[in-house]
Amino acid sequence: MKFNLLLAFFILFATLTVRAQNPHPDTVKTGIYVTSIHDINFKDKEYTVTLWLWLKYTNKDFDFLHNLEIPQAKTVTTSFSTIDSTQNRIYLLMKLQCVMKDSWAIDNFPFDKQTLRFSIENSQFDSHALMFVADTLGKHFDPRFTLRGWNIDSLNIYTGNKAYETGFGDETLKKPHTEYSSFKMKTIIHRDAMGLFWKMFLGMYVAFLIAYMCFYIHTDSIDSRFGLSVGALFAVIGNKYIIDSSLPESTTFTLVDTLHGIALLFILVIIICTSYSLRLIKQEKSDKAKKFDFVCAQVLLSLYVLLNIYFIVMANKG
């Protein structure tokens with residue numbers, strides 16, 4: 001009797017040890033096919049994605065119809081779902097429309113590249129019980145759908161574990177740490193920006209050219225030169241506020257800030273040069289004032305164009 005109890009205890013101990021050392025979570029083969037990405041909202045940091053999602057698994061307890069978790073989603077709408085439970089496995093196919101929250105990189109706006117992230121988890125089973133496996137067969141997005149104003153560089157799917165530094169109220173855990181398997185999609189897009197660039201910055205360049213034309217106004221009309229320059233200064237400031245109103249707040253110095261800052265600085269220099277010309281005229285040095293205006297006009301225009309080209313090219317490369 002003692003021998004049987006000892007043998008049973010030994011078998012139970014060995015079984016638990018093997019399970020602890022070699023856990024084998026059930027796998028869920030997961031695939032995705034994106035049909036549309038639209039409504040990219042820079043101000044609210046949102047975008048909408050419509051996709052087909054399929055999952056293949058054998059453990060009926062997973063119940064992805066009710067346990068599907070999309071961490072970054074603001075809203076999730078399931079427009080279609082079907083389940084095939086033949087051949088001792090479950091094949092779940094769903095069509096989802098998700099409004100996703102994400103962060104934008106606006107340093108090089110409007111020549112920006114963005115990374116759109118989408119991931120799913122099972123809200124009831126952690127990585128010890130469930131492990132996603134990516135279904136990489138075929139394409140993952142419809143090459144015919146158009147993302148207006150953007151081009152898709154790449155769309156990749158992969159799997160991994162997402163760590164949560166909490167036990168979600170489970171007091172049996174020694175450390176408040178939980179990991180859930182995650183199926184992820186990362187889409188990199190870049191903006192078709194030249195049309196938008198001129199639409200947004202044309203007012204700024206026109207304002208600078210108005211201030212620049214002051215160098216070609218006769219020195220007798222010194223009041224007109226000051227009036228045009230100051231008016232151009234406020235026009236650039238107004239243009240910047242209009243662009244900023246459509247962008248999320250940023251603590252970094254963006255391309256928008258740089259180009260407007262250059263325009264404001266050069267208009268200020270034009271006002272300073274006009275003041276010096278006025279001083280020369282008061283000293284009855286009209287020829288010297290004309291020569292000074294001519295030199296300033298060529299130097300400032302050259303520097304302004306070169307600086308704009310440099311920063312725009314660097315933003316395109318970034």
# chains A, B, ... in the order shown; residues from 1 in each chain; ligands from 1
>>> select_by_dssp(residues="region 50-271 of chain A", states="strand (DSSP E)", output="ChimeraX atom specification")
/A:50-57,68-69,73-84,90-101,113-122,130-134,150-164,178-191
>>> residues_around(residues="Glu249 (chain A)", least_positions_apart="4", cutoff="9 Å", atoms="only C-alpha atoms", output="MDAnalysis selection string")
chainID A and resid 43 244:245
>>> residues_around(residues="Arg279 (chain A)", least_positions_apart="3", cutoff="12 Å", atoms="only C-alpha atoms", output="CSV table (one decimal) with C-alpha atoms, in the first residue's frame")
chain,number,residue,atom,x,y,z
A,219,THR,CA,13.7,105.1,-51.5
A,222,ILE,CA,10.1,104.6,-47.4
A,272,ILE,CA,16.5,96.2,-40.6
A,273,CYS,CA,18.0,96.8,-44.0
A,274,THR,CA,15.2,99.2,-44.9
A,275,SER,CA,15.9,101.1,-41.7
A,276,TYR,CA,19.6,101.4,-42.6
A,282,LYS,CA,18.7,111.0,-44.3
A,283,GLN,CA,22.5,111.5,-44.7
A,284,GLU,CA,21.9,112.3,-48.4
A,285,LYS,CA,23.7,109.2,-49.6
A,286,SER,CA,21.1,108.0,-52.1
A,288,LYS,CA,25.0,104.3,-51.5
A,289,ALA,CA,21.5,103.4,-50.3
A,292,PHE,CA,23.1,98.7,-50.4
>>> closest_residue(among="A:Arg148, A:Lys56, A:Arg191, A:Lys29", to="Thr86 (chain A)", atoms="only C-alpha atoms")
A:Lys56
>>> residues_around(residues="Gly31 (chain A)", least_positions_apart="2", cutoff="12 Å", atoms="only C-alpha atoms", output="VMD selection string")
chain A and resid 28 to 29 33 to 34 51 to 56 91 to 95 119 to 120 132 to 141 156 to 159 183 to 185
>>> closest_residue(among="A:Met204, A:Leu130, A:Val76, A:Leu301", to="Asp257 (chain A)", atoms="only C-alpha atoms")
A:Met204
